[in-house]
file entry-v8.txt (compact mmCIF, C-alpha atoms)
# COMPACT_ATOMS: atom_id res chain seq x y z
CA MET A 1 -47.34 -51.59 67.33
CA LYS A 2 -44.29 -53.10 65.60
CA LYS A 3 -46.34 -56.15 64.62
CA ILE A 4 -49.03 -53.96 63.03
CA ILE A 5 -46.49 -51.92 61.06
CA CYS A 6 -44.71 -55.11 60.02
CA TRP A 7 -47.96 -56.64 58.75
CA LEU A 8 -48.93 -53.46 56.90
CA CYS A 9 -45.52 -53.52 55.19
CA LYS A 10 -45.90 -57.22 54.34
CA LEU A 11 -49.35 -56.67 52.85
CA THR A 12 -48.12 -53.67 50.86
CA VAL A 13 -45.13 -55.51 49.39
CA ALA A 14 -47.09 -58.69 48.66
CA GLY A 15 -49.97 -56.65 47.20
CA PHE A 16 -47.67 -54.74 44.83
CA LEU A 17 -45.95 -57.93 43.67
CA LEU A 18 -49.14 -59.94 43.25
CA GLN A 19 -50.75 -57.10 41.31
CA THR A 20 -47.86 -56.92 38.85
CA ILE A 21 -47.80 -60.70 38.49
CA PHE A 22 -51.50 -61.14 37.71
CA VAL A 23 -52.07 -57.90 35.77
CA TYR A 24 -48.82 -57.60 33.82
CA LYS A 25 -46.50 -60.61 33.86
CA PHE A 26 -48.70 -63.70 33.58
CA PRO A 27 -51.25 -62.26 31.10
CA ALA A 28 -48.38 -60.95 28.88
CA HIS A 29 -49.39 -57.30 29.06
CA PRO A 30 -47.66 -55.45 26.17
CA GLU A 31 -45.66 -53.23 28.57
CA SER A 32 -44.37 -56.27 30.42
CA VAL A 33 -43.50 -58.07 27.19
CA GLU A 34 -41.59 -55.00 25.98
CA ILE A 35 -39.61 -54.73 29.23
CA PHE A 36 -38.61 -58.38 29.27
CA THR A 37 -37.85 -58.32 25.52
CA GLN A 38 -35.34 -55.52 26.18
CA LEU A 39 -33.81 -57.54 29.01
CA SER A 40 -33.63 -60.66 26.83
CA GLU A 41 -31.92 -58.68 24.07
CA PHE A 42 -29.48 -57.24 26.62
CA ILE A 43 -28.34 -60.77 27.52
CA HIS A 44 -28.22 -61.68 23.80
CA GLY A 45 -31.28 -63.90 23.94
CA ILE A 46 -29.74 -66.44 26.32
CA LEU A 47 -33.15 -66.51 27.99
CA PRO A 48 -36.19 -65.64 25.88
CA GLU A 49 -38.59 -62.93 26.98
CA ASN A 50 -41.34 -65.31 28.07
CA CYS A 51 -38.97 -67.36 30.28
CA LEU A 52 -37.69 -64.20 31.96
CA ARG A 53 -41.18 -62.78 32.44
CA ILE A 54 -42.88 -65.95 33.67
CA GLY A 55 -39.84 -67.05 35.71
CA THR A 56 -39.67 -63.70 37.48
CA GLY A 57 -43.41 -63.86 38.09
CA ILE A 58 -43.16 -67.32 39.62
CA LEU A 59 -40.32 -66.23 41.91
CA GLU A 60 -42.30 -63.15 42.95
CA LEU A 61 -45.40 -65.27 43.60
CA ILE A 62 -43.51 -67.76 45.77
CA SER A 63 -41.68 -65.04 47.69
CA SER A 64 -44.91 -63.05 48.24
CA ILE A 65 -46.60 -66.09 49.73
CA ALA A 66 -43.52 -66.86 51.84
CA LEU A 67 -43.45 -63.26 53.08
CA LEU A 68 -46.97 -63.61 54.48
CA ILE A 69 -46.30 -66.88 56.34
CA PRO A 70 -44.66 -66.06 59.70
CA LYS A 71 -42.23 -69.01 59.64
CA THR A 72 -41.03 -68.17 56.12
CA THR A 73 -41.11 -64.37 56.29
CA LYS A 74 -37.32 -64.08 56.36
CA SER A 75 -36.83 -66.34 53.33
CA GLY A 76 -39.51 -64.49 51.39
CA ALA A 77 -38.05 -61.12 52.35
CA TYR A 78 -34.51 -62.07 51.33
CA THR A 79 -35.79 -63.39 48.00
CA ILE A 80 -37.72 -60.16 47.43
CA LEU A 81 -34.58 -58.15 48.23
CA LEU A 82 -32.72 -60.11 45.54
CA LEU A 83 -35.54 -59.67 43.04
CA MET A 84 -35.80 -55.93 43.69
CA SER A 85 -32.00 -55.59 43.44
CA GLY A 86 -32.22 -57.25 40.03
CA ALA A 87 -35.07 -54.95 39.03
CA MET A 88 -33.14 -51.84 40.10
CA LEU A 89 -30.00 -53.03 38.31
CA SER A 90 -32.02 -53.80 35.17
CA HIS A 91 -33.42 -50.29 35.18
CA ILE A 92 -30.03 -48.70 35.74
CA LEU A 93 -28.29 -50.73 33.02
CA VAL A 94 -30.99 -51.32 30.41
CA LEU A 95 -34.42 -49.84 30.92
CA GLY A 96 -33.69 -46.41 32.32
CA ILE A 97 -34.82 -44.72 35.51
CA ASN A 98 -38.59 -44.45 35.58
CA THR A 99 -41.58 -45.09 37.84
CA LEU A 100 -40.92 -48.83 37.92
CA PHE A 101 -37.38 -48.19 39.18
CA PHE A 102 -38.71 -46.11 42.07
CA THR A 103 -41.34 -48.77 42.80
CA ALA A 104 -38.54 -51.35 43.09
CA VAL A 105 -36.62 -49.03 45.44
CA PHE A 106 -39.77 -48.52 47.54
CA LEU A 107 -40.41 -52.27 47.78
CA PHE A 108 -36.73 -52.89 48.61
CA LEU A 109 -36.86 -50.39 51.48
CA LEU A 110 -40.18 -51.74 52.79
CA THR A 111 -38.73 -55.26 52.73
CA LEU A 112 -35.72 -54.10 54.73
CA LEU A 113 -38.15 -52.61 57.26
CA ILE A 114 -40.00 -55.94 57.41
CA LEU A 115 -36.75 -57.73 58.25
CA LYS A 116 -36.02 -55.18 60.98
CA LEU A 117 -39.50 -55.33 62.53
CA ASN A 118 -40.14 -59.05 62.04
CA PRO A 119 -41.05 -60.57 65.43
CA GLN A 120 -39.45 -63.88 64.35
CA ASN A 121 -36.02 -62.18 64.58
CA ASN A 122 -36.21 -62.14 68.38
CA GLU A 123 -37.40 -65.73 68.75
CA ASN A 124 -34.32 -67.21 67.10
CA SER A 125 -31.68 -65.33 69.05
CA LEU A 126 -28.82 -67.18 70.75
CA GLU A 127 -30.13 -66.17 74.18
CA ASN A 128 -33.22 -68.36 73.72
CA ASN A 129 -31.25 -71.51 72.78

call {"tool": "encode", "arguments": {"input": "entry-v8.txt", "output": "structure tokens"}}
result
Amino acid sequence: MKKIICWLCKLTVAGFLLQTIFVYKFPAHPESVEIFTQLSEFIHGILPENCLRIGTGILELISSIALLIPKTTKSGAYTILLLMSGAMLSHILVLGINTLFFTAVFLFLLTLLILKLNPQNNENSLENN
């Protein structure tokens, strides 16, 4: 049962991320451009909007794929936790609390659950070495 719940969580997190990548970030949807323009302005243009948007999308794509591969689930999950932490912090400091903030919180919590339920956690314990 844990494996099924873990896989449902993985598919949910990866699905959310992949949807935002291919519908909003990569095609430069106006909402996405506006969000990343605000973030770029917040850091005084050190990174332009398109670098932030595409860079974040690439990291999310890699981590989504890694999340779905059993041997790299942990790495993908930890990367997603970092990305969602950045998203939550961006909303708190710059963008304001809105639906996207709560989506990031939801994905963060699901990713924590994935790490807890991940069957790979038990295979690498000290007892098996």

call {"tool": "residues_around", "arguments": {"input": "entry-v8.txt", "residues": "segment 49-56 of chain A", "least_positions_apart": "5", "cutoff": "7 Å", "atoms": "all atoms listed in the file", "output": "ChimeraX atom specification"}}
result
/A:25-26,33,36-37,40

call {"tool": "atom_distance", "arguments": {"input": "entry-v8.txt", "atom1": "atom CA of Gly76 of chain A", "atom2": "atom CA of Leu39 of chain A"}}
result
24.1 Å

call {"tool": "residues_around", "arguments": {"input": "entry-v8.txt", "residues": "segment 107-118 of chain A", "least_positions_apart": "2", "cutoff": "9 Å", "atoms": "all atoms listed in the file", "output": "list in words"}}
result
Lys2, Lys3, Ile5, Cys6, Trp7, Cys9, Lys10, Thr12, Val13, Phe16, Leu17, Pro70, Thr73, Lys74, Ala77, Tyr78, Ile80, Leu81, Leu82, Leu83, Met84, Ser85, Phe102, Thr103, Ala104, Val105, Gln120, Asn121 and Asn122 of chain A

call {"tool": "atom_distance", "arguments": {"input": "entry-v8.txt", "atom1": "atom CA of Tyr24 of chain A", "atom2": "atom CA of Gly57 of chain A"}}
result
9.3 Å

call {"tool": "atom_distance", "arguments": {"input": "entry-v8.txt", "atom1": "atom CA of Pro48 of chain A", "atom2": "atom CA of Phe22 of chain A"}}
result
19.9 Å

call {"tool": "closest_residue", "arguments": {"input": "entry-v8.txt", "among": "A:Met1, A:Leu100, A:Leu93, A:Met88", "to": "Thr20 of chain A", "atoms": "all atoms listed in the file"}}
result
A:Leu100

call {"tool": "decode", "arguments": {"input": "entry-v8.txt", "residues": "segment 13-28 of chain A", "atoms": "all heavy atoms", "output": "tab-separated table (two decimals), in the first residue's frame"}}
result
chain	number	residue	atom	x	y	z
A	13	VAL	N	3.11	15.09	-8.07
A	13	VAL	CA	4.13	16.15	-8.03
A	13	VAL	C	4.72	16.35	-9.42
A	13	VAL	O	4.80	17.48	-9.92
A	13	VAL	CB	5.23	15.82	-7.00
A	13	VAL	CG1	6.40	16.79	-7.12
A	13	VAL	CG2	4.66	15.85	-5.58
A	14	ALA	N	5.13	15.26	-10.06
A	14	ALA	CA	5.73	15.38	-11.39
A	14	ALA	C	4.72	15.96	-12.39
A	14	ALA	O	5.08	16.81	-13.21
A	14	ALA	CB	6.23	14.02	-11.87
A	15	GLY	N	3.48	15.54	-12.30
A	15	GLY	CA	2.43	16.05	-13.19
A	15	GLY	C	2.24	17.55	-13.04
A	15	GLY	O	2.16	18.28	-14.04
A	16	PHE	N	2.15	18.03	-11.79
A	16	PHE	CA	2.01	19.47	-11.54
A	16	PHE	C	3.19	20.23	-12.14
A	16	PHE	O	3.02	21.24	-12.83
A	16	PHE	CB	1.96	19.75	-10.04
A	16	PHE	CG	0.58	19.90	-9.48
A	16	PHE	CD1	-0.04	18.84	-8.83
A	16	PHE	CD2	-0.11	21.10	-9.59
A	16	PHE	CE1	-1.30	18.97	-8.31
A	16	PHE	CE2	-1.37	21.24	-9.06
A	16	PHE	CZ	-1.98	20.16	-8.42
A	17	LEU	N	4.41	19.76	-11.84
A	17	LEU	CA	5.60	20.46	-12.32
A	17	LEU	C	5.69	20.45	-13.84
A	17	LEU	O	5.98	21.49	-14.45
A	17	LEU	CB	6.86	19.86	-11.69
A	17	LEU	CG	7.01	20.09	-10.19
A	17	LEU	CD1	8.24	19.36	-9.67
A	17	LEU	CD2	7.10	21.57	-9.86
A	18	LEU	N	5.47	19.30	-14.44
A	18	LEU	CA	5.56	19.21	-15.90
A	18	LEU	C	4.50	20.07	-16.58
A	18	LEU	O	4.77	20.70	-17.60
A	18	LEU	CB	5.46	17.75	-16.35
A	18	LEU	CG	6.64	16.87	-15.94
A	18	LEU	CD1	6.34	15.40	-16.23
A	18	LEU	CD2	7.92	17.30	-16.62
A	19	GLN	N	3.32	20.12	-16.00
A	19	GLN	CA	2.27	20.97	-16.55
A	19	GLN	C	2.68	22.44	-16.53
A	19	GLN	O	2.51	23.15	-17.52
A	19	GLN	CB	0.96	20.74	-15.79
A	19	GLN	CG	-0.21	21.54	-16.27
A	19	GLN	CD	-0.44	22.81	-15.48
A	19	GLN	OE1	0.03	22.98	-14.37
A	19	GLN	NE2	-1.15	23.74	-16.08
A	20	THR	N	3.23	22.89	-15.42
A	20	THR	CA	3.62	24.31	-15.34
A	20	THR	C	4.79	24.61	-16.26
A	20	THR	O	4.88	25.70	-16.82
A	20	THR	CB	3.97	24.74	-13.90
A	20	THR	OG1	5.07	23.98	-13.43
A	20	THR	CG2	2.80	24.60	-12.97
A	21	ILE	N	5.68	23.63	-16.43
A	21	ILE	CA	6.82	23.84	-17.32
A	21	ILE	C	6.36	24.02	-18.76
A	21	ILE	O	6.74	24.98	-19.43
A	21	ILE	CB	7.80	22.64	-17.24
A	21	ILE	CG1	8.43	22.54	-15.86
A	21	ILE	CG2	8.87	22.73	-18.32
A	21	ILE	CD1	9.10	21.20	-15.59
A	22	PHE	N	5.54	23.07	-19.24
A	22	PHE	CA	5.19	23.06	-20.67
A	22	PHE	C	4.02	23.95	-21.03
A	22	PHE	O	3.83	24.26	-22.21
A	22	PHE	CB	4.96	21.62	-21.13
A	22	PHE	CG	6.22	20.81	-21.13
A	22	PHE	CD1	6.40	19.78	-20.23
A	22	PHE	CD2	7.26	21.12	-21.99
A	22	PHE	CE1	7.58	19.04	-20.21
A	22	PHE	CE2	8.44	20.39	-21.98
A	22	PHE	CZ	8.61	19.35	-21.08
A	23	VAL	N	3.23	24.39	-20.05
A	23	VAL	CA	2.11	25.29	-20.34
A	23	VAL	C	2.48	26.74	-20.04
A	23	VAL	O	2.05	27.65	-20.74
A	23	VAL	CB	0.85	24.87	-19.56
A	23	VAL	CG1	-0.27	25.88	-19.74
A	23	VAL	CG2	0.39	23.49	-20.00
A	24	TYR	N	3.29	26.97	-19.01
A	24	TYR	CA	3.57	28.34	-18.58
A	24	TYR	C	5.02	28.78	-18.80
A	24	TYR	O	5.26	29.82	-19.41
A	24	TYR	CB	3.21	28.51	-17.10
A	24	TYR	CG	1.73	28.44	-16.85
A	24	TYR	CD1	1.13	27.26	-16.42
A	24	TYR	CD2	0.92	29.54	-17.07
A	24	TYR	CE1	-0.23	27.18	-16.21
A	24	TYR	CE2	-0.45	29.47	-16.87
A	24	TYR	CZ	-1.02	28.30	-16.44
A	24	TYR	OH	-2.37	28.23	-16.25
A	25	LYS	N	5.98	28.03	-18.29
A	25	LYS	CA	7.36	28.52	-18.30
A	25	LYS	C	7.99	28.51	-19.68
A	25	LYS	O	8.46	29.53	-20.15
A	25	LYS	CB	8.20	27.72	-17.30
A	25	LYS	CG	7.85	28.04	-15.87
A	25	LYS	CD	8.76	27.32	-14.90
A	25	LYS	CE	8.41	27.72	-13.48
A	25	LYS	NZ	7.42	26.85	-12.88
A	26	PHE	N	8.07	27.36	-20.32
A	26	PHE	CA	8.77	27.27	-21.60
A	26	PHE	C	8.09	28.07	-22.72
A	26	PHE	O	8.77	28.73	-23.49
A	26	PHE	CB	8.97	25.82	-22.02
A	26	PHE	CG	10.03	25.09	-21.21
A	26	PHE	CD1	10.16	23.72	-21.32
A	26	PHE	CD2	10.89	25.75	-20.34
A	26	PHE	CE1	11.13	23.03	-20.59
A	26	PHE	CE2	11.85	25.08	-19.60
A	26	PHE	CZ	11.97	23.71	-19.72
A	27	PRO	N	6.75	28.07	-22.82
A	27	PRO	CA	6.13	28.86	-23.89
A	27	PRO	C	6.02	30.36	-23.57
A	27	PRO	O	5.46	31.12	-24.36
A	27	PRO	CB	4.74	28.27	-24.05
A	27	PRO	CG	4.57	27.23	-23.03
A	27	PRO	CD	5.79	27.16	-22.19
A	28	ALA	N	6.56	30.81	-22.45
A	28	ALA	CA	6.53	32.22	-22.05
A	28	ALA	C	5.10	32.76	-21.93
A	28	ALA	O	4.77	33.82	-22.45
A	28	ALA	CB	7.36	33.08	-23.00
